[in-house]
Amino acid sequence: MIFQRAIRRELLNTVGAVFTILFTIVMTVILIRILGDAAAGKIAPTDVAAMLGFASLGYLPVIISLTAFIAVLMVVSRSYQDSEMVVWLASGLSLRQWVGPVLGVGMPMVVITAVLSIWLTPWANRSSAEYKERFQKREDVARVSPGKFQESASGDKMFFVEGVANDLSKVRNIFVREAGQRDSVVSAEEGAIGFSDRGEKTLQLFQGRRYEGAPGTQEIRVVEFERYSLLLSQNERDFGNTTTARALSTVQLIEQPTPPNLSELMWRISIPVMCLLQIFLAIPLGFVNPRRGRALNLSIALLLAITYSNMVGVLQGSIATGRMSLATAYGALHLSVFLLSLLLLYWRDNTNSRWHPARLLGSIRHLIASSGGASA
């Protein structure tokens, strides 16, 4: 039908506009956070673009799901607002016949969401963890940007270097402040990473001075040295344990059904179902009285969508603590939302029926008022 093609065309245009806005906002926030991590020395500046790409893959399922819901909601509410829905219903068609055109646009989004949530997002989380692990494994001095103060990984030292060698193992004109019971400041012309006989990582400084003093006192001790060894860490940090539930593949989550893994699995398989059910919910929730505006109805619809998403998070916590099984949480939540969407669709599709709850309530009020007048 011409009208159904018009609905699909309008849905596609609205989907494109909503997705562009949401994606731009989310990516801007993520970029600011990643740049802050790079400035704080948590990730390498050269990895900012890669980390932004991994983060975008992680947020895309939620963005697409929310885009589908908002797009359908806006198109349906606009049809009510411009009285196009009146023409649709007066032509003998029902609100149920919106399901076909809406699914024609929404099902590809559901499939994309499923692919992202089940396969690509875990890969992005795992790759992001590997990038961070690779950066953290580098020596403290190698992570220092020339001309900028930088805190060590342990948090008890502050470095400042004028330049770093090409092999990232030596620095020149280095300044180190070490906090403790007696604060100390060390300056040297050159430094290099080394290891002691016991395998301790050290920073070998050459041709410098060490200033040491206790806070709150005027006593300062100055020591000149030709070679000075500064302990960086007693042993190599264990960075291999970065395989959290978010970084595991979906197959691994199924093969290792621990509560945290089942909790993560709940989220991954819920995202595409949420996307599909929110599309159904948006059709009856898009009802608008043209005389009253659509602000209130849209606010209620968005509140329901947020509540739905938050309930998934609440049930994730219950699964992670072992208080609820995956099958119970998954079935109870999504089945309830599916039944709610069917009920709302029936409610809006049978507004003029004599058995509609609103008309029944009106009839009951009329009978009560009539009986009261007769008795008087």
# chains A, B, ... in the order shown; residues from 1 in each chain; ligands from 1
$ residues_around --residues "region 259-262 of chain A" --least-positions-apart "5" --cutoff "8 Å" --atoms "only C-alpha atoms" --output "ChimeraX atom specification"
/A:245,253-254,319-322,326
$ select_by_dssp --residues "region 23-199 of chain A" --states "strand (DSSP E or B)" --output "VMD selection string"
chain A and resid 150 to 151 157 to 164 170 to 178 183 to 195
$ residues_around --residues "region 109-113 of chain A" --least-positions-apart "2" --cutoff "12 Å" --atoms "only C-alpha atoms" --output "number ranges by chain"
A: 12, 15-16, 19, 57-69, 71, 102-107, 115-121, 268-279
$ write_last_selection --atoms "C-alpha atoms" --output "PDB file, in the first residue's frame"
ATOM      1  CA  LEU A  12      13.979   5.273   7.751  1.00  0.00           C
ATOM      2  CA  VAL A  15      15.971   6.382  12.261  1.00  0.00           C
ATOM      3  CA  GLY A  16      18.833   8.085  10.430  1.00  0.00           C
ATOM      4  CA  PHE A  19      20.853   7.592  15.303  1.00  0.00           C
ATOM      5  CA  LEU A  57      31.270  -0.995  19.311  1.00  0.00           C
ATOM      6  CA  GLY A  58      30.419  -1.482  22.961  1.00  0.00           C
ATOM      7  CA  TYR A  59      27.757   1.248  22.980  1.00  0.00           C
ATOM      8  CA  LEU A  60      26.289   0.613  19.515  1.00  0.00           C
ATOM      9  CA  PRO A  61      23.796  -2.104  20.610  1.00  0.00           C
ATOM     10  CA  VAL A  62      22.208   0.202  23.176  1.00  0.00           C
ATOM     11  CA  ILE A  63      22.229   3.152  20.778  1.00  0.00           C
ATOM     12  CA  ILE A  64      20.553   1.154  18.003  1.00  0.00           C
ATOM     13  CA  SER A  65      17.937  -0.259  20.383  1.00  0.00           C
ATOM     14  CA  LEU A  66      17.101   3.198  21.708  1.00  0.00           C
ATOM     15  CA  THR A  67      17.077   4.602  18.170  1.00  0.00           C
ATOM     16  CA  ALA A  68      14.491   2.046  17.026  1.00  0.00           C
ATOM     17  CA  PHE A  69      12.234   2.807  19.984  1.00  0.00           C
ATOM     18  CA  ALA A  71      11.986   6.527  15.858  1.00  0.00           C
ATOM     19  CA  VAL A 102       7.437  -1.123  11.486  1.00  0.00           C
ATOM     20  CA  LEU A 103       8.985  -4.600  11.580  1.00  0.00           C
ATOM     21  CA  GLY A 104      10.162  -4.171   8.004  1.00  0.00           C
ATOM     22  CA  VAL A 105      12.397  -1.350   9.251  1.00  0.00           C
ATOM     23  CA  GLY A 106      13.005  -2.666  12.761  1.00  0.00           C
ATOM     24  CA  MET A 107      14.011  -6.284  12.133  1.00  0.00           C
ATOM     25  CA  VAL A 115      25.404  -9.485  16.040  1.00  0.00           C
ATOM     26  CA  LEU A 116      26.992  -6.570  17.898  1.00  0.00           C
ATOM     27  CA  SER A 117      25.886  -7.703  21.351  1.00  0.00           C
ATOM     28  CA  ILE A 118      26.744 -11.403  21.023  1.00  0.00           C
ATOM     29  CA  TRP A 119      29.932 -11.288  18.937  1.00  0.00           C
ATOM     30  CA  LEU A 120      31.460  -7.875  18.234  1.00  0.00           C
ATOM     31  CA  THR A 121      31.059  -6.178  21.630  1.00  0.00           C
ATOM     32  CA  ARG A 268      24.014  -9.839  25.812  1.00  0.00           C
ATOM     33  CA  ILE A 269      20.976 -11.907  24.908  1.00  0.00           C
ATOM     34  CA  SER A 270      18.596  -9.303  26.327  1.00  0.00           C
ATOM     35  CA  ILE A 271      19.716  -6.428  24.094  1.00  0.00           C
ATOM     36  CA  PRO A 272      18.209  -7.743  20.795  1.00  0.00           C
ATOM     37  CA  VAL A 273      15.035  -8.874  22.568  1.00  0.00           C
ATOM     38  CA  MET A 274      14.754  -5.444  24.191  1.00  0.00           C
ATOM     39  CA  CYS A 275      15.140  -3.830  20.786  1.00  0.00           C
ATOM     40  CA  LEU A 276      12.308  -5.959  19.327  1.00  0.00           C
ATOM     41  CA  LEU A 277       9.928  -5.541  22.263  1.00  0.00           C
ATOM     42  CA  GLN A 278      10.540  -1.796  22.488  1.00  0.00           C
ATOM     43  CA  ILE A 279       9.512  -1.508  18.838  1.00  0.00           C
TER      44      ILE A 279
END
$ atom_distance --atom1 "CA of Glu162 (chain A)" --atom2 "CA of Ser229 (chain A)"
19.4 Å
$ closest_atom_pairs --of "region 31-81 of chain A" --to "region 5-8 of chain A" --cutoff "12 Å" --atoms "only C-alpha atoms" --output "tab-separated table"
residue	atom	partner	partner_atom	distance
A:Ala71	CA	A:Arg8	CA	11.1
A:Val72	CA	A:Ile7	CA	9.8
A:Met74	CA	A:Ile7	CA	11.6
A:Val75	CA	A:Ile7	CA	7.9
A:Val76	CA	A:Ile7	CA	9.2
A:Arg78	CA	A:Ile7	CA	11.2
A:Ser79	CA	A:Ile7	CA	9.6
$ closest_residue --among "A:Leu11, A:Met311, A:Met27, A:Ala305" --to "Pro101 (chain A)" --atoms "only C-alpha atoms"
A:Leu11
$ residues_around --residues "Asp37 (chain A)" --least-positions-apart "5" --cutoff "12 Å" --atoms "only C-alpha atoms" --output "PyMOL selection string"
chain A and resi 30-32+42-45+47-48+51-52+132
$ write_last_selection --atoms "N, CA and C atoms" --output "PDB file, in the first residue's frame"
ATOM      1  N   ILE A  30      32.359   9.860  25.178  1.00  0.00           N
ATOM      2  CA  ILE A  30      33.397   8.829  25.259  1.00  0.00           C
ATOM      3  C   ILE A  30      34.758   9.401  24.893  1.00  0.00           C
ATOM      4  N   LEU A  31      34.799  10.238  23.856  1.00  0.00           N
ATOM      5  CA  LEU A  31      36.074  10.827  23.435  1.00  0.00           C
ATOM      6  C   LEU A  31      36.668  11.687  24.539  1.00  0.00           C
ATOM      7  N   ILE A  32      35.835  12.450  25.223  1.00  0.00           N
ATOM      8  CA  ILE A  32      36.328  13.275  26.332  1.00  0.00           C
ATOM      9  C   ILE A  32      36.906  12.392  27.436  1.00  0.00           C
ATOM     10  N   LYS A  42      46.721   6.612  31.723  1.00  0.00           N
ATOM     11  CA  LYS A  42      46.110   5.292  31.831  1.00  0.00           C
ATOM     12  C   LYS A  42      46.161   4.524  30.513  1.00  0.00           C
ATOM     13  N   ILE A  43      46.177   5.243  29.401  1.00  0.00           N
ATOM     14  CA  ILE A  43      46.311   4.624  28.087  1.00  0.00           C
ATOM     15  C   ILE A  43      47.323   5.417  27.282  1.00  0.00           C
ATOM     16  N   ALA A  44      47.852   4.810  26.232  1.00  0.00           N
ATOM     17  CA  ALA A  44      48.826   5.497  25.387  1.00  0.00           C
ATOM     18  C   ALA A  44      48.126   6.503  24.488  1.00  0.00           C
ATOM     19  N   PRO A  45      48.700   7.681  24.289  1.00  0.00           N
ATOM     20  CA  PRO A  45      48.074   8.667  23.386  1.00  0.00           C
ATOM     21  C   PRO A  45      47.881   8.130  21.977  1.00  0.00           C
ATOM     22  N   ASP A  47      46.933   5.260  21.196  1.00  0.00           N
ATOM     23  CA  ASP A  47      45.836   4.282  21.189  1.00  0.00           C
ATOM     24  C   ASP A  47      44.471   4.929  21.311  1.00  0.00           C
ATOM     25  N   VAL A  48      44.398   6.248  21.282  1.00  0.00           N
ATOM     26  CA  VAL A  48      43.119   6.931  21.492  1.00  0.00           C
ATOM     27  C   VAL A  48      42.113   6.550  20.414  1.00  0.00           C
ATOM     28  N   MET A  51      40.946   2.913  20.940  1.00  0.00           N
ATOM     29  CA  MET A  51      40.070   2.802  22.104  1.00  0.00           C
ATOM     30  C   MET A  51      38.706   3.415  21.821  1.00  0.00           C
ATOM     31  N   LEU A  52      38.675   4.506  21.040  1.00  0.00           N
ATOM     32  CA  LEU A  52      37.394   5.116  20.675  1.00  0.00           C
ATOM     33  C   LEU A  52      36.577   4.152  19.809  1.00  0.00           C
ATOM     34  N   LYS A 132      45.112  -1.835  27.013  1.00  0.00           N
ATOM     35  CA  LYS A 132      45.464  -1.278  28.316  1.00  0.00           C
ATOM     36  C   LYS A 132      46.544  -2.112  28.996  1.00  0.00           C
TER      37      LYS A 132
END
$ residues_around --residues "region 213-216 of chain A" --least-positions-apart "6" --cutoff "12 Å" --atoms "only C-alpha atoms" --output "PyMOL selection string"
chain A and resi 177-186+222-223
$ write_last_selection --atoms "N, CA and C atoms" --output "PDB file, in the first residue's frame"
ATOM      1  N   ARG A 177      60.177  12.715  42.086  1.00  0.00           N
ATOM      2  CA  ARG A 177      59.765  13.004  43.462  1.00  0.00           C
ATOM      3  C   ARG A 177      59.127  11.758  44.035  1.00  0.00           C
ATOM      4  N   GLU A 178      59.648  11.318  45.181  1.00  0.00           N
ATOM      5  CA  GLU A 178      59.165  10.101  45.821  1.00  0.00           C
ATOM      6  C   GLU A 178      58.550  10.453  47.162  1.00  0.00           C
ATOM      7  N   ALA A 179      57.293  10.052  47.380  1.00  0.00           N
ATOM      8  CA  ALA A 179      56.580  10.324  48.623  1.00  0.00           C
ATOM      9  C   ALA A 179      56.784   9.184  49.607  1.00  0.00           C
ATOM     10  N   GLY A 180      56.782   9.511  50.884  1.00  0.00           N
ATOM     11  CA  GLY A 180      56.967   8.519  51.942  1.00  0.00           C
ATOM     12  C   GLY A 180      57.104   9.212  53.277  1.00  0.00           C
ATOM     13  N   GLN A 181      57.677   8.509  54.262  1.00  0.00           N
ATOM     14  CA  GLN A 181      57.917   9.142  55.564  1.00  0.00           C
ATOM     15  C   GLN A 181      58.874  10.321  55.442  1.00  0.00           C
ATOM     16  N   ARG A 182      59.830  10.186  54.546  1.00  0.00           N
ATOM     17  CA  ARG A 182      60.743  11.278  54.229  1.00  0.00           C
ATOM     18  C   ARG A 182      60.683  11.520  52.726  1.00  0.00           C
ATOM     19  N   ASP A 183      60.106  12.652  52.354  1.00  0.00           N
ATOM     20  CA  ASP A 183      59.996  12.967  50.933  1.00  0.00           C
ATOM     21  C   ASP A 183      61.381  13.208  50.349  1.00  0.00           C
ATOM     22  N   SER A 184      61.537  12.817  49.104  1.00  0.00           N
ATOM     23  CA  SER A 184      62.819  13.010  48.450  1.00  0.00           C
ATOM     24  C   SER A 184      62.598  13.473  47.014  1.00  0.00           C
ATOM     25  N   VAL A 185      63.540  14.259  46.540  1.00  0.00           N
ATOM     26  CA  VAL A 185      63.530  14.750  45.166  1.00  0.00           C
ATOM     27  C   VAL A 185      64.883  14.400  44.565  1.00  0.00           C
ATOM     28  N   VAL A 186      64.861  13.747  43.405  1.00  0.00           N
ATOM     29  CA  VAL A 186      66.091  13.322  42.741  1.00  0.00           C
ATOM     30  C   VAL A 186      66.124  13.937  41.350  1.00  0.00           C
ATOM     31  N   VAL A 222      71.333  16.772  51.358  1.00  0.00           N
ATOM     32  CA  VAL A 222      71.662  16.803  49.932  1.00  0.00           C
ATOM     33  C   VAL A 222      72.792  15.821  49.682  1.00  0.00           C
ATOM     34  N   VAL A 223      72.572  14.933  48.712  1.00  0.00           N
ATOM     35  CA  VAL A 223      73.570  13.928  48.376  1.00  0.00           C
ATOM     36  C   VAL A 223      73.843  14.008  46.879  1.00  0.00           C
TER      37      VAL A 223
END
$ atom_distance --atom1 "CA of Ser91 (chain A)" --atom2 "CA of Leu342 (chain A)"
22.8 Å
$ select_by_dssp --residues "region 149-351 of chain A" --states "alpha helix (DSSP H)" --output "JSON, numbers by chain"
{"A": [250, 251, 252, 253, 254, 255, 259, 260, 261, 262, 263, 264, 265, 266, 267, 268, 269, 270, 271, 272, 273, 274, 275, 276, 277, 278, 279, 280, 281, 282, 283, 284, 285, 295, 296, 297, 298, 299, 300, 301, 302, 303, 304, 305, 306, 307, 308, 309, 310, 311, 312, 313, 314, 315, 316, 317, 318, 319, 320, 326, 327, 328, 329, 330, 331, 332, 333, 334, 335, 336, 337, 338, 339, 340, 341, 342, 343, 344, 345, 346, 347, 348, 349]}
$ residues_around --residues "Leu89 (chain A)" --least-positions-apart "6" --cutoff "12 Å" --atoms "only C-alpha atoms" --output "MDAnalysis selection string"
chainID A and resid 79:80 83 95:98 348:352
